[in-house]
>>> print(open('upload26.pdb').read())   # PDB, N, CA and C atoms
ATOM      1  N   MET A   1      14.828  20.876 -16.665  1.00  0.00           N
ATOM      2  CA  MET A   1      14.801  20.238 -15.372  1.00  0.00           C
ATOM      3  C   MET A   1      15.679  20.979 -14.376  1.00  0.00           C
ATOM      4  N   SER A   2      15.737  22.255 -14.494  1.00  0.00           N
ATOM      5  CA  SER A   2      16.567  23.057 -13.614  1.00  0.00           C
ATOM      6  C   SER A   2      15.992  23.164 -12.212  1.00  0.00           C
ATOM      7  N   ASN A   3      14.728  22.838 -12.022  1.00  0.00           N
ATOM      8  CA  ASN A   3      14.092  22.990 -10.727  1.00  0.00           C
ATOM      9  C   ASN A   3      14.178  21.750  -9.862  1.00  0.00           C
ATOM     10  N   VAL A   4      14.934  20.750 -10.267  1.00  0.00           N
ATOM     11  CA  VAL A   4      15.053  19.517  -9.497  1.00  0.00           C
ATOM     12  C   VAL A   4      15.599  19.808  -8.110  1.00  0.00           C
ATOM     13  N   ASN A   5      16.555  20.724  -8.002  1.00  0.00           N
ATOM     14  CA  ASN A   5      17.151  21.041  -6.707  1.00  0.00           C
ATOM     15  C   ASN A   5      16.177  21.740  -5.775  1.00  0.00           C
ATOM     16  N   GLU A   6      15.093  22.255  -6.303  1.00  0.00           N
ATOM     17  CA  GLU A   6      14.110  22.951  -5.479  1.00  0.00           C
ATOM     18  C   GLU A   6      13.087  22.000  -4.866  1.00  0.00           C
ATOM     19  N   LEU A   7      13.118  20.726  -5.219  1.00  0.00           N
ATOM     20  CA  LEU A   7      12.213  19.757  -4.623  1.00  0.00           C
ATOM     21  C   LEU A   7      12.609  19.534  -3.166  1.00  0.00           C
ATOM     22  N   PRO A   8      11.629  19.340  -2.283  1.00  0.00           N
ATOM     23  CA  PRO A   8      11.978  19.053  -0.892  1.00  0.00           C
ATOM     24  C   PRO A   8      12.717  17.716  -0.779  1.00  0.00           C
ATOM     25  N   ALA A   9      13.408  17.507   0.301  1.00  0.00           N
ATOM     26  CA  ALA A   9      14.182  16.278   0.498  1.00  0.00           C
ATOM     27  C   ALA A   9      13.265  15.061   0.627  1.00  0.00           C
ATOM     28  N   ALA A  10      12.127  15.229   1.258  1.00  0.00           N
ATOM     29  CA  ALA A  10      11.187  14.119   1.461  1.00  0.00           C
ATOM     30  C   ALA A  10       9.785  14.699   1.620  1.00  0.00           C
ATOM     31  N   GLY A  11       8.801  13.830   1.600  1.00  0.00           N
ATOM     32  CA  GLY A  11       7.424  14.261   1.808  1.00  0.00           C
ATOM     33  C   GLY A  11       6.600  14.182   0.538  1.00  0.00           C
ATOM     34  N   PHE A  12       5.643  15.089   0.426  1.00  0.00           N
ATOM     35  CA  PHE A  12       4.699  15.104  -0.681  1.00  0.00           C
ATOM     36  C   PHE A  12       4.733  16.466  -1.370  1.00  0.00           C
ATOM     37  N   ILE A  13       4.452  16.465  -2.678  1.00  0.00           N
ATOM     38  CA  ILE A  13       4.333  17.719  -3.416  1.00  0.00           C
ATOM     39  C   ILE A  13       3.091  17.681  -4.294  1.00  0.00           C
ATOM     40  N   ARG A  14       2.550  18.851  -4.540  1.00  0.00           N
ATOM     41  CA  ARG A  14       1.347  18.983  -5.355  1.00  0.00           C
ATOM     42  C   ARG A  14       1.726  19.100  -6.825  1.00  0.00           C
ATOM     43  N   LEU A  15       0.752  18.947  -7.687  1.00  0.00           N
ATOM     44  CA  LEU A  15       0.981  18.932  -9.129  1.00  0.00           C
ATOM     45  C   LEU A  15       1.597  20.237  -9.640  1.00  0.00           C
ATOM     46  N   ALA A  16       1.203  21.367  -9.084  1.00  0.00           N
ATOM     47  CA  ALA A  16       1.747  22.661  -9.536  1.00  0.00           C
ATOM     48  C   ALA A  16       3.257  22.743  -9.322  1.00  0.00           C
ATOM     49  N   SER A  17       3.769  22.003  -8.354  1.00  0.00           N
ATOM     50  CA  SER A  17       5.212  21.999  -8.092  1.00  0.00           C
ATOM     51  C   SER A  17       5.952  20.963  -8.925  1.00  0.00           C
ATOM     52  N   ILE A  18       5.215  20.129  -9.626  1.00  0.00           N
ATOM     53  CA  ILE A  18       5.816  19.075 -10.447  1.00  0.00           C
ATOM     54  C   ILE A  18       5.932  19.512 -11.904  1.00  0.00           C
ATOM     55  N   LEU A  19       4.867  20.110 -12.426  1.00  0.00           N
ATOM     56  CA  LEU A  19       4.816  20.466 -13.843  1.00  0.00           C
ATOM     57  C   LEU A  19       5.416  21.837 -14.105  1.00  0.00           C
ATOM     58  N   ALA A  20       5.980  22.017 -15.307  1.00  0.00           N
ATOM     59  CA  ALA A  20       6.536  23.307 -15.731  1.00  0.00           C
ATOM     60  C   ALA A  20       5.398  24.328 -15.798  1.00  0.00           C
ATOM     61  N   PRO A  21       5.641  25.590 -15.581  1.00  0.00           N
ATOM     62  CA  PRO A  21       6.919  26.276 -15.450  1.00  0.00           C
ATOM     63  C   PRO A  21       7.489  26.279 -14.038  1.00  0.00           C
ATOM     64  N   ASN A  22       6.694  25.883 -13.025  1.00  0.00           N
ATOM     65  CA  ASN A  22       7.187  25.910 -11.644  1.00  0.00           C
ATOM     66  C   ASN A  22       7.959  24.664 -11.255  1.00  0.00           C
ATOM     67  N   GLY A  23       7.744  23.577 -11.953  1.00  0.00           N
ATOM     68  CA  GLY A  23       8.372  22.316 -11.595  1.00  0.00           C
ATOM     69  C   GLY A  23       9.298  21.792 -12.673  1.00  0.00           C
ATOM     70  N   PRO A  24       9.908  20.660 -12.406  1.00  0.00           N
ATOM     71  CA  PRO A  24      10.939  20.126 -13.304  1.00  0.00           C
ATOM     72  C   PRO A  24      10.431  19.303 -14.491  1.00  0.00           C
ATOM     73  N   ILE A  25       9.139  18.995 -14.551  1.00  0.00           N
ATOM     74  CA  ILE A  25       8.642  18.110 -15.598  1.00  0.00           C
ATOM     75  C   ILE A  25       7.875  18.917 -16.645  1.00  0.00           C
ATOM     76  N   PRO A  26       8.389  18.979 -17.874  1.00  0.00           N
ATOM     77  CA  PRO A  26       7.787  19.838 -18.909  1.00  0.00           C
ATOM     78  C   PRO A  26       6.677  19.170 -19.716  1.00  0.00           C
ATOM     79  N   VAL A  27       5.585  18.820 -19.032  1.00  0.00           N
ATOM     80  CA  VAL A  27       4.428  18.271 -19.746  1.00  0.00           C
ATOM     81  C   VAL A  27       3.179  19.011 -19.277  1.00  0.00           C
ATOM     82  N   SER A  28       2.113  18.901 -20.058  1.00  0.00           N
ATOM     83  CA  SER A  28       0.847  19.531 -19.689  1.00  0.00           C
ATOM     84  C   SER A  28       0.117  18.668 -18.665  1.00  0.00           C
ATOM     85  N   LYS A  29      -0.908  19.255 -18.056  1.00  0.00           N
ATOM     86  CA  LYS A  29      -1.717  18.499 -17.090  1.00  0.00           C
ATOM     87  C   LYS A  29      -2.368  17.284 -17.741  1.00  0.00           C
ATOM     88  N   SER A  30      -2.891  17.473 -18.943  1.00  0.00           N
ATOM     89  CA  SER A  30      -3.575  16.353 -19.598  1.00  0.00           C
ATOM     90  C   SER A  30      -2.597  15.225 -19.939  1.00  0.00           C
ATOM     91  N   THR A  31      -1.386  15.579 -20.363  1.00  0.00           N
ATOM     92  CA  THR A  31      -0.360  14.568 -20.633  1.00  0.00           C
ATOM     93  C   THR A  31       0.031  13.868 -19.344  1.00  0.00           C
ATOM     94  N   TRP A  32       0.161  14.634 -18.261  1.00  0.00           N
ATOM     95  CA  TRP A  32       0.526  14.055 -16.961  1.00  0.00           C
ATOM     96  C   TRP A  32      -0.522  13.036 -16.519  1.00  0.00           C
ATOM     97  N   TRP A  33      -1.799  13.431 -16.549  1.00  0.00           N
ATOM     98  CA  TRP A  33      -2.848  12.522 -16.090  1.00  0.00           C
ATOM     99  C   TRP A  33      -2.977  11.302 -16.991  1.00  0.00           C
ATOM    100  N   ALA A  34      -2.753  11.462 -18.295  1.00  0.00           N
ATOM    101  CA  ALA A  34      -2.751  10.294 -19.194  1.00  0.00           C
ATOM    102  C   ALA A  34      -1.592   9.372 -18.838  1.00  0.00           C
ATOM    103  N   GLY A  35      -0.439   9.944 -18.497  1.00  0.00           N
ATOM    104  CA  GLY A  35       0.712   9.150 -18.091  1.00  0.00           C
ATOM    105  C   GLY A  35       0.499   8.429 -16.772  1.00  0.00           C
ATOM    106  N   VAL A  36      -0.213   9.065 -15.846  1.00  0.00           N
ATOM    107  CA  VAL A  36      -0.553   8.404 -14.573  1.00  0.00           C
ATOM    108  C   VAL A  36      -1.467   7.223 -14.864  1.00  0.00           C
ATOM    109  N   LYS A  37      -2.433   7.438 -15.744  1.00  0.00           N
ATOM    110  CA  LYS A  37      -3.395   6.382 -16.070  1.00  0.00           C
ATOM    111  C   LYS A  37      -2.725   5.177 -16.709  1.00  0.00           C
ATOM    112  N   ASP A  38      -1.757   5.420 -17.623  1.00  0.00           N
ATOM    113  CA  ASP A  38      -1.130   4.279 -18.303  1.00  0.00           C
ATOM    114  C   ASP A  38       0.163   3.799 -17.646  1.00  0.00           C
ATOM    115  N   GLY A  39       0.535   4.392 -16.494  1.00  0.00           N
ATOM    116  CA  GLY A  39       1.670   3.887 -15.735  1.00  0.00           C
ATOM    117  C   GLY A  39       3.025   4.521 -16.036  1.00  0.00           C
ATOM    118  N   ARG A  40       3.082   5.504 -16.927  1.00  0.00           N
ATOM    119  CA  ARG A  40       4.364   6.179 -17.211  1.00  0.00           C
ATOM    120  C   ARG A  40       4.802   7.070 -16.063  1.00  0.00           C
ATOM    121  N   PHE A  41       3.836   7.649 -15.355  1.00  0.00           N
ATOM    122  CA  PHE A  41       4.107   8.553 -14.246  1.00  0.00           C
ATOM    123  C   PHE A  41       3.570   7.942 -12.956  1.00  0.00           C
ATOM    124  N   PRO A  42       4.128   8.341 -11.803  1.00  0.00           N
ATOM    125  CA  PRO A  42       3.709   7.735 -10.534  1.00  0.00           C
ATOM    126  C   PRO A  42       2.258   8.040 -10.173  1.00  0.00           C
ATOM    127  N   LYS A  43       1.672   7.130  -9.427  1.00  0.00           N
ATOM    128  CA  LYS A  43       0.305   7.304  -8.945  1.00  0.00           C
ATOM    129  C   LYS A  43       0.295   8.339  -7.817  1.00  0.00           C
ATOM    130  N   PRO A  44      -0.777   9.119  -7.740  1.00  0.00           N
ATOM    131  CA  PRO A  44      -0.877  10.103  -6.664  1.00  0.00           C
ATOM    132  C   PRO A  44      -1.329   9.464  -5.356  1.00  0.00           C
ATOM    133  N   VAL A  45      -1.215  10.246  -4.287  1.00  0.00           N
ATOM    134  CA  VAL A  45      -1.691   9.859  -2.965  1.00  0.00           C
ATOM    135  C   VAL A  45      -2.761  10.863  -2.578  1.00  0.00           C
ATOM    136  N   LYS A  46      -3.907  10.373  -2.142  1.00  0.00           N
ATOM    137  CA  LYS A  46      -4.965  11.272  -1.684  1.00  0.00           C
ATOM    138  C   LYS A  46      -4.711  11.607  -0.218  1.00  0.00           C
ATOM    139  N   LEU A  47      -4.460  12.890   0.065  1.00  0.00           N
ATOM    140  CA  LEU A  47      -4.227  13.332   1.433  1.00  0.00           C
ATOM    141  C   LEU A  47      -5.508  13.835   2.090  1.00  0.00           C
ATOM    142  N   GLY A  48      -6.531  14.026   1.303  1.00  0.00           N
ATOM    143  CA  GLY A  48      -7.829  14.491   1.785  1.00  0.00           C
ATOM    144  C   GLY A  48      -8.810  14.410   0.642  1.00  0.00           C
ATOM    145  N   PRO A  49     -10.059  14.762   0.874  1.00  0.00           N
ATOM    146  CA  PRO A  49     -11.060  14.652  -0.185  1.00  0.00           C
ATOM    147  C   PRO A  49     -10.739  15.488  -1.420  1.00  0.00           C
ATOM    148  N   ARG A  50     -10.053  16.622  -1.237  1.00  0.00           N
ATOM    149  CA  ARG A  50      -9.731  17.486  -2.377  1.00  0.00           C
ATOM    150  C   ARG A  50      -8.244  17.769  -2.483  1.00  0.00           C
ATOM    151  N   ILE A  51      -7.425  16.923  -1.865  1.00  0.00           N
ATOM    152  CA  ILE A  51      -5.979  17.138  -1.886  1.00  0.00           C
ATOM    153  C   ILE A  51      -5.287  15.911  -2.453  1.00  0.00           C
ATOM    154  N   THR A  52      -4.661  16.086  -3.602  1.00  0.00           N
ATOM    155  CA  THR A  52      -3.904  15.034  -4.265  1.00  0.00           C
ATOM    156  C   THR A  52      -2.451  15.463  -4.316  1.00  0.00           C
ATOM    157  N   ALA A  53      -1.556  14.553  -3.974  1.00  0.00           N
ATOM    158  CA  ALA A  53      -0.127  14.873  -3.972  1.00  0.00           C
ATOM    159  C   ALA A  53       0.656  13.647  -4.428  1.00  0.00           C
ATOM    160  N   TRP A  54       1.938  13.855  -4.656  1.00  0.00           N
ATOM    161  CA  TRP A  54       2.841  12.773  -5.070  1.00  0.00           C
ATOM    162  C   TRP A  54       4.003  12.709  -4.102  1.00  0.00           C
ATOM    163  N   ARG A  55       4.534  11.515  -3.884  1.00  0.00           N
ATOM    164  CA  ARG A  55       5.720  11.365  -3.044  1.00  0.00           C
ATOM    165  C   ARG A  55       6.922  11.956  -3.774  1.00  0.00           C
ATOM    166  N   VAL A  56       7.703  12.751  -3.068  1.00  0.00           N
ATOM    167  CA  VAL A  56       8.887  13.364  -3.659  1.00  0.00           C
ATOM    168  C   VAL A  56       9.839  12.284  -4.167  1.00  0.00           C
ATOM    169  N   ASP A  57       9.962  11.186  -3.434  1.00  0.00           N
ATOM    170  CA  ASP A  57      10.842  10.094  -3.859  1.00  0.00           C
ATOM    171  C   ASP A  57      10.426   9.540  -5.221  1.00  0.00           C
ATOM    172  N   ASP A  58       9.112   9.419  -5.462  1.00  0.00           N
ATOM    173  CA  ASP A  58       8.620   8.923  -6.756  1.00  0.00           C
ATOM    174  C   ASP A  58       8.956   9.896  -7.879  1.00  0.00           C
ATOM    175  N   ILE A  59       8.844  11.194  -7.612  1.00  0.00           N
ATOM    176  CA  ILE A  59       9.141  12.203  -8.636  1.00  0.00           C
ATOM    177  C   ILE A  59      10.638  12.228  -8.929  1.00  0.00           C
ATOM    178  N   ARG A  60      11.455  12.145  -7.886  1.00  0.00           N
ATOM    179  CA  ARG A  60      12.913  12.102  -8.112  1.00  0.00           C
ATOM    180  C   ARG A  60      13.303  10.865  -8.919  1.00  0.00           C
ATOM    181  N   ALA A  61      12.683   9.720  -8.627  1.00  0.00           N
ATOM    182  CA  ALA A  61      12.968   8.495  -9.380  1.00  0.00           C
ATOM    183  C   ALA A  61      12.555   8.657 -10.845  1.00  0.00           C
ATOM    184  N   LEU A  62      11.433   9.305 -11.091  1.00  0.00           N
ATOM    185  CA  LEU A  62      10.973   9.565 -12.450  1.00  0.00           C
ATOM    186  C   LEU A  62      11.989  10.422 -13.207  1.00  0.00           C
ATOM    187  N   ILE A  63      12.480  11.466 -12.561  1.00  0.00           N
ATOM    188  CA  ILE A  63      13.448  12.358 -13.191  1.00  0.00           C
ATOM    189  C   ILE A  63      14.764  11.615 -13.442  1.00  0.00           C
ATOM    190  N   ASP A  64      15.190  10.801 -12.475  1.00  0.00           N
ATOM    191  CA  ASP A  64      16.442  10.042 -12.634  1.00  0.00           C
ATOM    192  C   ASP A  64      16.355   9.046 -13.794  1.00  0.00           C
ATOM    193  N   ARG A  65      15.163   8.472 -14.013  1.00  0.00           N
ATOM    194  CA  ARG A  65      14.962   7.540 -15.134  1.00  0.00           C
ATOM    195  C   ARG A  65      14.958   8.269 -16.465  1.00  0.00           C
ATOM    196  N   GLY A  66      14.716   9.561 -16.420  1.00  0.00           N
ATOM    197  CA  GLY A  66      14.631  10.335 -17.656  1.00  0.00           C
ATOM    198  C   GLY A  66      13.346  10.102 -18.398  1.00  0.00           C
ATOM    199  N   ALA A  67      12.312   9.660 -17.686  1.00  0.00           N
ATOM    200  CA  ALA A  67      11.043   9.331 -18.317  1.00  0.00           C
ATOM    201  C   ALA A  67      10.173  10.553 -18.571  1.00  0.00           C
ATOM    202  N   ALA A  68      10.562  11.677 -18.056  1.00  0.00           N
ATOM    203  CA  ALA A  68       9.717  12.864 -18.209  1.00  0.00           C
ATOM    204  C   ALA A  68       9.923  13.517 -19.548  1.00  0.00           C
TER     205      ALA A  68
END
>>> encode(input="upload26.pdb", output="structure tokens")
Amino acid sequence: MSNVNELPAAGFIRLASILAPNGPIPVSKSTWWAGVKDGRFPKPVKLGPRITAWRVDDIRALIDRGAA
């Protein structure tokens, strides 16, 4: 979780910035989406028809809980 400091202060981030190796959460895409489905990980926000993102505040809260 060394990349936590690289998260923006506020706003939205895409999945590539959340998952390792570029992001702080070391899980695969399939594990992430299964976690979103069962409520372990935050729900995404649709910013457009082909743009899915997550609130930075939700990701920081996830990391602080140690749920990743």
>>> resolve_selection(input="upload26.pdb", expression="the PyMOL selection byres ((chain A and resi 57) around 8)", output="PyMOL selection string")
chain A and resi 8-13+54-56+58-63
>>> atom_distance(input="upload26.pdb", atom1="atom C of A:Glu6", atom2="atom CA of A:Pro49")
25.7 Å
>>> atom_distance(input="upload26.pdb", atom1="atom CA of A:Phe41", atom2="atom CA of A:Leu7")
16.8 Å
>>> select_by_dssp(input="upload26.pdb", residues="chain A", states="strand (DSSP E)", output="ChimeraX atom specification")
/A:12-13,45-48,51-55
>>> atom_distance(input="upload26.pdb", atom1="atom C of A:Lys46", atom2="atom CA of A:Arg14")
10.8 Å
>>> select_by_dssp(input="upload26.pdb", residues="chain A", states="helix (DSSP H, G or I)", output="list in words")
Ser2, Asn3, Val4, Asn5, Glu6, Leu15, Ala16, Ser17, Lys29, Ser30, Thr31, Trp32, Trp33, Ala34, Gly35, Val36, Lys37, Asp38, Val56, Asp57, Asp58, Ile59, Arg60, Ala61, Leu62, Ile63, Asp64 and Arg65 of chain A
>>> write_last_selection(input="upload26.pdb", atoms="N, CA and C atoms", output="PDB file, in the frame of the given file")
ATOM      1  N   SER A   2      15.737  22.255 -14.494  1.00  0.00           N
ATOM      2  CA  SER A   2      16.567  23.057 -13.614  1.00  0.00           C
ATOM      3  C   SER A   2      15.992  23.164 -12.212  1.00  0.00           C
ATOM      4  N   ASN A   3      14.728  22.838 -12.022  1.00  0.00           N
ATOM      5  CA  ASN A   3      14.092  22.990 -10.727  1.00  0.00           C
ATOM      6  C   ASN A   3      14.178  21.750  -9.862  1.00  0.00           C
ATOM      7  N   VAL A   4      14.934  20.750 -10.267  1.00  0.00           N
ATOM      8  CA  VAL A   4      15.053  19.517  -9.497  1.00  0.00           C
ATOM      9  C   VAL A   4      15.599  19.808  -8.110  1.00  0.00           C
ATOM     10  N   ASN A   5      16.555  20.724  -8.002  1.00  0.00           N
ATOM     11  CA  ASN A   5      17.151  21.041  -6.707  1.00  0.00           C
ATOM     12  C   ASN A   5      16.177  21.740  -5.775  1.00  0.00           C
ATOM     13  N   GLU A   6      15.093  22.255  -6.303  1.00  0.00           N
ATOM     14  CA  GLU A   6      14.110  22.951  -5.479  1.00  0.00           C
ATOM     15  C   GLU A   6      13.087  22.000  -4.866  1.00  0.00           C
ATOM     16  N   LEU A  15       0.752  18.947  -7.687  1.00  0.00           N
ATOM     17  CA  LEU A  15       0.981  18.932  -9.129  1.00  0.00           C
ATOM     18  C   LEU A  15       1.597  20.237  -9.640  1.00  0.00           C
ATOM     19  N   ALA A  16       1.203  21.367  -9.084  1.00  0.00           N
ATOM     20  CA  ALA A  16       1.747  22.661  -9.536  1.00  0.00           C
ATOM     21  C   ALA A  16       3.257  22.743  -9.322  1.00  0.00           C
ATOM     22  N   SER A  17       3.769  22.003  -8.354  1.00  0.00           N
ATOM     23  CA  SER A  17       5.212  21.999  -8.092  1.00  0.00           C
ATOM     24  C   SER A  17       5.952  20.963  -8.925  1.00  0.00           C
ATOM     25  N   LYS A  29      -0.908  19.255 -18.056  1.00  0.00           N
ATOM     26  CA  LYS A  29      -1.717  18.499 -17.090  1.00  0.00           C
ATOM     27  C   LYS A  29      -2.368  17.284 -17.741  1.00  0.00           C
ATOM     28  N   SER A  30      -2.891  17.473 -18.943  1.00  0.00           N
ATOM     29  CA  SER A  30      -3.575  16.353 -19.598  1.00  0.00           C
ATOM     30  C   SER A  30      -2.597  15.225 -19.939  1.00  0.00           C
ATOM     31  N   THR A  31      -1.386  15.579 -20.363  1.00  0.00           N
ATOM     32  CA  THR A  31      -0.360  14.568 -20.633  1.00  0.00           C
ATOM     33  C   THR A  31       0.031  13.868 -19.344  1.00  0.00           C
ATOM     34  N   TRP A  32       0.161  14.634 -18.261  1.00  0.00           N
ATOM     35  CA  TRP A  32       0.526  14.055 -16.961  1.00  0.00           C
ATOM     36  C   TRP A  32      -0.522  13.036 -16.519  1.00  0.00           C
ATOM     37  N   TRP A  33      -1.799  13.431 -16.549  1.00  0.00           N
ATOM     38  CA  TRP A  33      -2.848  12.522 -16.090  1.00  0.00           C
ATOM     39  C   TRP A  33      -2.977  11.302 -16.991  1.00  0.00           C
ATOM     40  N   ALA A  34      -2.753  11.462 -18.295  1.00  0.00           N
ATOM     41  CA  ALA A  34      -2.751  10.294 -19.194  1.00  0.00           C
ATOM     42  C   ALA A  34      -1.592   9.372 -18.838  1.00  0.00           C
ATOM     43  N   GLY A  35      -0.439   9.944 -18.497  1.00  0.00           N
ATOM     44  CA  GLY A  35       0.712   9.150 -18.091  1.00  0.00           C
ATOM     45  C   GLY A  35       0.499   8.429 -16.772  1.00  0.00           C
ATOM     46  N   VAL A  36      -0.213   9.065 -15.846  1.00  0.00           N
ATOM     47  CA  VAL A  36      -0.553   8.404 -14.573  1.00  0.00           C
ATOM     48  C   VAL A  36      -1.467   7.223 -14.864  1.00  0.00           C
ATOM     49  N   LYS A  37      -2.433   7.438 -15.744  1.00  0.00           N
ATOM     50  CA  LYS A  37      -3.395   6.382 -16.070  1.00  0.00           C
ATOM     51  C   LYS A  37      -2.725   5.177 -16.709  1.00  0.00           C
ATOM     52  N   ASP A  38      -1.757   5.420 -17.623  1.00  0.00           N
ATOM     53  CA  ASP A  38      -1.130   4.279 -18.303  1.00  0.00           C
ATOM     54  C   ASP A  38       0.163   3.799 -17.646  1.00  0.00           C
ATOM     55  N   VAL A  56       7.703  12.751  -3.068  1.00  0.00           N
ATOM     56  CA  VAL A  56       8.887  13.364  -3.659  1.00  0.00           C
ATOM     57  C   VAL A  56       9.839  12.284  -4.167  1.00  0.00           C
ATOM     58  N   ASP A  57       9.962  11.186  -3.434  1.00  0.00           N
ATOM     59  CA  ASP A  57      10.842  10.094  -3.859  1.00  0.00           C
ATOM     60  C   ASP A  57      10.426   9.540  -5.221  1.00  0.00           C
ATOM     61  N   ASP A  58       9.112   9.419  -5.462  1.00  0.00           N
ATOM     62  CA  ASP A  58       8.620   8.923  -6.756  1.00  0.00           C
ATOM     63  C   ASP A  58       8.956   9.896  -7.879  1.00  0.00           C
ATOM     64  N   ILE A  59       8.844  11.194  -7.612  1.00  0.00           N
ATOM     65  CA  ILE A  59       9.141  12.203  -8.636  1.00  0.00           C
ATOM     66  C   ILE A  59      10.638  12.228  -8.929  1.00  0.00           C
ATOM     67  N   ARG A  60      11.455  12.145  -7.886  1.00  0.00           N
ATOM     68  CA  ARG A  60      12.913  12.102  -8.112  1.00  0.00           C
ATOM     69  C   ARG A  60      13.303  10.865  -8.919  1.00  0.00           C
ATOM     70  N   ALA A  61      12.683   9.720  -8.627  1.00  0.00           N
ATOM     71  CA  ALA A  61      12.968   8.495  -9.380  1.00  0.00           C
ATOM     72  C   ALA A  61      12.555   8.657 -10.845  1.00  0.00           C
ATOM     73  N   LEU A  62      11.433   9.305 -11.091  1.00  0.00           N
ATOM     74  CA  LEU A  62      10.973   9.565 -12.450  1.00  0.00           C
ATOM     75  C   LEU A  62      11.989  10.422 -13.207  1.00  0.00           C
ATOM     76  N   ILE A  63      12.480  11.466 -12.561  1.00  0.00           N
ATOM     77  CA  ILE A  63      13.448  12.358 -13.191  1.00  0.00           C
ATOM     78  C   ILE A  63      14.764  11.615 -13.442  1.00  0.00           C
ATOM     79  N   ASP A  64      15.190  10.801 -12.475  1.00  0.00           N
ATOM     80  CA  ASP A  64      16.442  10.042 -12.634  1.00  0.00           C
ATOM     81  C   ASP A  64      16.355   9.046 -13.794  1.00  0.00           C
ATOM     82  N   ARG A  65      15.163   8.472 -14.013  1.00  0.00           N
ATOM     83  CA  ARG A  65      14.962   7.540 -15.134  1.00  0.00           C
ATOM     84  C   ARG A  65      14.958   8.269 -16.465  1.00  0.00           C
TER      85      ARG A  65
END
>>> residues_near_point(input="upload26.pdb", point="(10.3, 24.9, -12.7)", cutoff="12 Å", atoms="only C-alpha atoms", output="number ranges by chain")
A: 1-7, 15-27
>>> axis_aligned_box(input="upload26.pdb", around="stretch 24-40 of chain A", padding_each_side="4 Å", output="AutoDock Vina command-line options")
--center_x 3.7 --center_y 12.2 --center_z -16.5 --size_x 22.5 --size_y 24.9 --size_z 16.2
>>> decode(input="upload26.pdb", residues="stretch 38-49 of chain A", atoms="N, CA, C and O atoms", output="mmCIF file, in the first residue's frame")
data_model
loop_
_atom_site.group_PDB
_atom_site.id
_atom_site.type_symbol
_atom_site.label_atom_id
_atom_site.label_comp_id
_atom_site.auth_asym_id
_atom_site.auth_seq_id
_atom_site.Cartn_x
_atom_site.Cartn_y
_atom_site.Cartn_z
ATOM 1 N N ASP A 38 -20.437 -8.130 -3.877
ATOM 2 C CA ASP A 38 -20.899 -8.589 -2.561
ATOM 3 C C ASP A 38 -20.751 -7.546 -1.453
ATOM 4 O O ASP A 38 -21.013 -7.833 -0.292
ATOM 5 N N GLY A 39 -20.314 -6.321 -1.805
ATOM 6 C CA GLY A 39 -20.293 -5.237 -0.834
ATOM 7 C C GLY A 39 -18.993 -5.043 -0.060
ATOM 8 O O GLY A 39 -18.920 -4.162 0.790
ATOM 9 N N ARG A 40 -17.963 -5.836 -0.340
ATOM 10 C CA ARG A 40 -16.671 -5.650 0.351
ATOM 11 C C ARG A 40 -15.953 -4.397 -0.118
ATOM 12 O O ARG A 40 -15.210 -3.782 0.638
ATOM 13 N N PHE A 41 -16.139 -4.043 -1.387
ATOM 14 C CA PHE A 41 -15.489 -2.883 -1.982
ATOM 15 C C PHE A 41 -16.551 -1.869 -2.393
ATOM 16 O O PHE A 41 -17.702 -2.227 -2.645
ATOM 17 N N PRO A 42 -16.176 -0.584 -2.489
ATOM 18 C CA PRO A 42 -17.166 0.451 -2.807
ATOM 19 C C PRO A 42 -17.758 0.307 -4.206
ATOM 20 O O PRO A 42 -17.107 -0.202 -5.126
ATOM 21 N N LYS A 43 -18.975 0.786 -4.341
ATOM 22 C CA LYS A 43 -19.656 0.781 -5.632
ATOM 23 C C LYS A 43 -19.052 1.867 -6.527
ATOM 24 O O LYS A 43 -18.676 2.925 -6.061
ATOM 25 N N PRO A 44 -18.993 1.598 -7.826
ATOM 26 C CA PRO A 44 -18.467 2.603 -8.747
ATOM 27 C C PRO A 44 -19.511 3.663 -9.081
ATOM 28 O O PRO A 44 -20.699 3.507 -8.792
ATOM 29 N N VAL A 45 -19.037 4.729 -9.720
ATOM 30 C CA VAL A 45 -19.889 5.800 -10.219
ATOM 31 C C VAL A 45 -19.711 5.829 -11.725
ATOM 32 O O VAL A 45 -18.580 5.816 -12.213
ATOM 33 N N LYS A 46 -20.812 5.838 -12.454
ATOM 34 C CA LYS A 46 -20.729 5.934 -13.911
ATOM 35 C C LYS A 46 -20.633 7.409 -14.291
ATOM 36 O O LYS A 46 -21.544 8.186 -14.028
ATOM 37 N N LEU A 47 -19.507 7.795 -14.899
ATOM 38 C CA LEU A 47 -19.313 9.173 -15.330
ATOM 39 C C LEU A 47 -19.716 9.371 -16.788
ATOM 40 O O LEU A 47 -19.837 10.502 -17.248
ATOM 41 N N GLY A 48 -19.931 8.289 -17.485
ATOM 42 C CA GLY A 48 -20.336 8.316 -18.888
ATOM 43 C C GLY A 48 -20.676 6.907 -19.305
ATOM 44 O O GLY A 48 -20.562 5.968 -18.516
ATOM 45 N N PRO A 49 -21.095 6.711 -20.539
ATOM 46 C CA PRO A 49 -21.488 5.374 -20.977
ATOM 47 C C PRO A 49 -20.366 4.344 -20.877
ATOM 48 O O PRO A 49 -20.626 3.173 -20.646
#
